[in-house]
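The next block holds one structure in the form of structure tokens; read it before the comments.
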Amino acid sequence: MLVLLPPSETKRDGGDGPPLRLDALSFPELGGTRKELADELVELAADPAAARSALGLSPRQDDEIARNAALWSAPTMPALHRYTGVLYDALDVTTLRGAAAARARARLAVGSALFGLVRADDPIPAYRLSAGSALPAGGTLAARWRPALDPVLAGLAADDLVVDLRSGSYAALGRVPGAVTVTVLAEKPDGSRGVVSHFNKAHKGALARVLAGSRAEPADAAGVAAIARRAGMRVERRGSALEVIVPG
């Protein structure tokens, strides 16, 4: 099983790994697009006004532009430790121990606007690039990524069950045929339901933690739902789509 996470806008600073080496990352067939985008971000960082416009930043976020300027020289850390925020707080991967921690490192991957797809232990620097960013070179990031990323994801899906927890904009960067998808719904006392917005990431992070550390190796959406239910989550299945139901 592969659990595909979205990235986060926020990233942890620093790291004790060597500067970025694309040949040290998983999925080397993505190297060409990775290098093009990294070089573009470094060049863009030399013009802060243009960088703010392309990346949707304010002048108070110029430290994000400085991160991009240092992409090729900044220290790295494992991807799963680089990303921060609500989902990664709920995932809380650093508290997993022993076999559960090893399973998490093997099962978790992150969709990325800059790197396309990285495994948990891939060493990456801090950066700023979102799926909806509009770089000066033109074309959407989805249009640039899909020719390279679609075949990689299809290959993974042919070998393993993929649980795709990415948001819509990141899922558009590369499609996963046959993936198990997850929606979080809030149920009100009257029985009506609506999509959770604010706490969506927290519930997906909690699900990712359960799946990452489980001894079970599910073969389909029903197996994924069974793992979640054993952990006390309320889950309904509609084909390969799962709905996590939480109080509204």
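Ordered as shown in the structure tokens, chains take letters A, B, and onward, while each chain numbers its residues from 1 and ligands are numbered from 1 in the order shown.
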
Write out as a count of residues only which residues come within 8 Å of segment 145-162 of chain A when counting only C-alpha atoms, dropping same-chain ones fewer than 6 positions away.
22

Can you pull out the residues contacting Gly14 of chain A? Cut-off 9 Å, using only C-alpha atoms, and skip same-chain residues under 4 positions away; I want them as a short mmCIF file (atom, residue, chain, number, x, y, z; two decimals) with N, CA and C atoms, in the first residue's frame.
data_model
loop_
_atom_site.label_atom_id
_atom_site.label_comp_id
_atom_site.auth_asym_id
_atom_site.auth_seq_id
_atom_site.Cartn_x
_atom_site.Cartn_y
_atom_site.Cartn_z
N ALA A 74 20.99 25.03 -0.07
CA ALA A 74 20.45 24.89 1.29
C ALA A 74 20.55 23.45 1.78
N PRO A 75 20.59 23.26 3.10
CA PRO A 75 20.62 21.90 3.64
C PRO A 75 19.28 21.19 3.40
N THR A 76 19.31 19.88 3.44
CA THR A 76 18.11 19.08 3.22
C THR A 76 17.76 18.29 4.48
N MET A 77 16.53 17.78 4.47
CA MET A 77 16.08 16.84 5.49
C MET A 77 15.05 15.92 4.84
N ARG A 82 10.21 17.54 6.59
CA ARG A 82 10.23 18.90 6.05
C ARG A 82 8.86 19.56 6.11
N PRO A 125 15.21 20.31 0.28
CA PRO A 125 15.35 21.59 0.99
C PRO A 125 13.97 22.23 1.20
N ALA A 126 13.94 23.29 1.98
CA ALA A 126 12.72 24.10 2.10
C ALA A 126 12.53 24.86 0.79
#

DSSP-assigned helix (DSSP H, G or I) among segment 11-187 of chain A, expressed as a VMD selection string
chain A and resid 22 to 24 28 to 45 48 to 55 59 to 69 79 to 82 86 to 91 93 to 95 98 to 107 141 to 159 168 to 171

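Counting only C-alpha atoms, the residue from A:Arg234, A:Arg67, A:Arg209, A:Arg144 that sits nearest to Arg103 of chain A is A:Arg209.
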
Excluding segment 181-184 of chain A and any residue of its chain fewer than 2 positions from it, enumerate the residues within 12 Å of it, using only C-alpha atoms, and give them as a ChimeraX atom specification.
/A:3-5,161-168,171,175-179,186-187,193-208,220-222,224-225,228,233-248

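For the pair atom CA of Ala46 of chain A and atom CA of Ser73 of chain A, the interatomic distance is 15.3 Å.
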
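Relative to atom CA of Ala212 of chain A, atom CA of Gly15 of chain A is found at 23.9 Å.
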
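Within segment 27-195 of chain A, the backbone-based DSSP assignment of strand (DSSP E) covers Met77, Pro78, Leu108, Ala109, Val110, Gly111, Ser112, Gly116, Leu117, Val118, Arg119, Pro123, Ile124, Val162, Val163, Asp164, Val180, Thr181, Val182, Thr183, Val184, Leu185, Ala186, Glu187, Arg193, Gly194 and Val195 of chain A.
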
Which residues are near Pro59 of chain A? Cut-off 10 Å, only C-alpha atoms, ignore same chain within fewer than 4 positions. Put them as a PyMOL selection string.
chain A and resi 48-49+52+63-65

Could you write those residues out with N, CA and C atoms, as a compact mmCIF listing (two decimals), in the first residue's frame?
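Here's the written file out_39.txt:
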# COMPACT_ATOMS: atom_id res chain seq x y z
N PRO A 48 12.21 39.87 -6.81
CA PRO A 48 11.21 39.63 -5.75
C PRO A 48 9.79 40.01 -6.14
N ALA A 49 9.61 41.10 -6.87
CA ALA A 49 8.25 41.49 -7.26
C ALA A 49 7.61 40.44 -8.16
N ARG A 52 6.82 37.34 -6.05
CA ARG A 52 5.59 37.49 -5.25
C ARG A 52 4.36 37.26 -6.11
N ASP A 63 10.88 35.88 2.90
CA ASP A 63 11.76 34.79 3.32
C ASP A 63 11.51 33.53 2.51
N GLU A 64 10.28 33.38 1.99
CA GLU A 64 9.97 32.25 1.12
C GLU A 64 10.74 32.36 -0.20
N ILE A 65 10.86 33.58 -0.69
CA ILE A 65 11.62 33.81 -1.92
C ILE A 65 13.10 33.51 -1.68

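Take atom CA of Ala113 of chain A and atom CA of Tyr170 of chain A: the distance between them is 7.4 Å.
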
Residues at most 10 Å from Ser53 of chain A, counting only C-alpha atoms, excluding those fewer than 3 positions away in the same chain, as a list in words?
Pro48, Ala49, Ala50, Gly56, Leu57, Ser58, Ser133, Ala134, Leu135 and Pro136 of chain A

Using only C-alpha atoms, which protein or nucleic acid residues come within 8 Å of Pro78 of chain A? Drop anything in the same chain fewer than 6 positions from it, and give the result as an MDAnalysis selection string.
chainID A and resid 120:124

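Nearest to His81 of chain A of all the residues A:Ser130, A:Asn68, A:Thr95, A:Gln61 is A:Thr95, counting only C-alpha atoms.
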
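Every protein, DNA or RNA residue with an atom at most 8 Å from Ala69 of chain A, where only C-alpha atoms count and chain neighbours fewer than 6 positions away do not, is listed here: Leu41, Val42, Glu43, Ala45 and Ala46 of chain A.
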
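Nearest to Asp89 of chain A of all the residues A:Ser8, A:Ser214, A:Thr140, A:Ser169 is A:Ser8, counting only C-alpha atoms.
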
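Using only C-alpha atoms, the smallest distance between any of A:Gly32, A:Gly232, A:Gly139, A:Gly213 and Ala101 of chain A comes from A:Gly213.
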